[in-house]
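Q: Below is a structure I'd like to ask you about.
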Amino acid sequence: MTYDPENVFAKILRSEIPCDRVYEDDWALAFKDINPQAPVHILVVPKGEYVSSDDFAANASDAEIAGFFRAIGEIARLSDIVNSGYRILANHGRDGHQEVPHFHIHIFGGRDLGGMIKRAST
Ligand code: 5GP
């Protein structure tokens with residue numbers, strides 16, 4: 001899948017549309033999800049143009065991957081959810097219901113998040 005520079009997170013990275021920013025460094029931008037599913041629901045996006053977790057894992061440099069995951073740790077600490085616990089999640093593709101085609105990780109926290117996956121059937 002080719003990267004679409006008009007996706008909504010690309011526009012947020014270029015400051016063309018606003019976001020409620022919580023963290024930024026050389027590797028990542030983090031902002032609150034517009035439709036939060038938990039008291040803490042933060043989206044973390046890499047600065048580079050990667051469509052999905054598959055694209056990021058295959059094509060990002062070691063420095064980009066390390067910087068991105070260190071940012072996630074830092075954001076969780078800044079959000080004060082390390083002791084209470086949190087969940088990180090990346091949706092990929094059709095079955096994962098990925099909506100925005102710029103790789104991102106969700107950080108959820110601030111309440112008991114329940115079981116891992118709700119499903120209609122196996
Ligand atoms: P996905 O299903 O791709 O993993 O999740 C995309 C997430 O992006 C959704 O949770 C949705 O609420 C969030 N989202 C979509 N558009 C915007 C936006 O313009 N601003 C922010 N902050 N979040 C958005």
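Here's how to read the names in the structure tokens: chain A, B, ... by the order shown, residue numbers from 1 in each chain, ligand numbers from 1 in the order shown.
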Taking the DSSP secondary structure from the backbone, can you list the residues of chain A that are alpha helix (DSSP H), as a PyMOL selection string?
A: chain A and resi 8-13+53-59+62-78
Q: Near region 47-52 of chain A, counting only C-alpha atoms, which residues have an atom at most 9 Å away, once you skip same-chain residues fewer than 2 positions from it, shown as a PyMOL selection string?
A: chain A and resi 1-5+10+13+25-29+45+54-57+59-60+64+68+90-93+98+100-104
Q: Which residue out of A:Glu74, A:Asp112, A:Asp33, A:Glu6 has the minimum interatomic distance to ligand 1 when only C-alpha atoms and all ligand atoms are used?
A: A:Asp33
Q: Using CA of Lys118 (chain A) and CA of Leu89 (chain A) as the two end points, give the distance in Å to one decimal.
A: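 The value is 14.0 Å.
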Q: Between A:Val22, A:Ala63, A:Val40, A:Ile34, single out the one closest to Ile75 (chain A), counting only C-alpha atoms.
A: A:Val22
Q: Between A:Met116, A:Leu78, A:Ile88, A:Ala66, which has the minimum distance to ligand 1 (counting only C-alpha atoms and all ligand atoms)?
A: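 For ligand 1, the nearest of the given residues is A:Ile88.
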Q: Can you list, as a list in words, every protein, DNA or RNA residue that comes within 10 Å of Asp20 (chain A) when you count only C-alpha atoms, leaving out same-chain residues fewer than 3 positions away?
A: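 Those residues are Tyr23, Ala30, Phe31, Lys32, Asp33, Ile34 and Ile42 of chain A.
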Q: Find the residues around Gly114 (chain A) up to 12 Å (only C-alpha atoms counted), leave out those fewer than 2 positions away in its own chain, and share them as a ChimeraX atom specification.
A: /A:38,85-87,108-112,116-118
Q: Which residue gives the smallest distance to ligand 1 among A:Val8, A:Ala71, A:Val44, A:Ile65, with only C-alpha atoms and all ligand atoms counted?
A: A:Val8
Q: Rounded to one decimal in Å, what is the spacing between CA of Leu43 (chain A) and atom 14 (N, counted along the ligand's line) of ligand 1?
A: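 That distance, rounded to one decimal, is 8.4 Å.
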Q: Tell me, which residues of region 45-119 of chain A carry DSSP strand (DSSP E or B), written as a ChimeraX atom specification?
A: /A:45-46,86-89,105-109
Q: Calculated over only C-alpha atoms, which of the candidates A:His106, A:Glu16, A:Arg94, A:Gly115 has the smallest distance to Asn35 (chain A)?
A: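 Ranking A:His106, A:Glu16, A:Arg94, A:Gly115 by distance to Asn35 (chain A), first place goes to A:His106.
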Q: Considering only C-alpha atoms and all ligand atoms, can you say which of A:Cys19, A:Ile72, A:Ile107, A:Gly67 comes closest to ligand 1?
A: A:Cys19
Q: Can you measure atom 4 (O, counted along the ligand's line) of ligand 1 to CA of Ile81 (chain A) for me? One decimal in Å is fine.
A: 20.5 Å
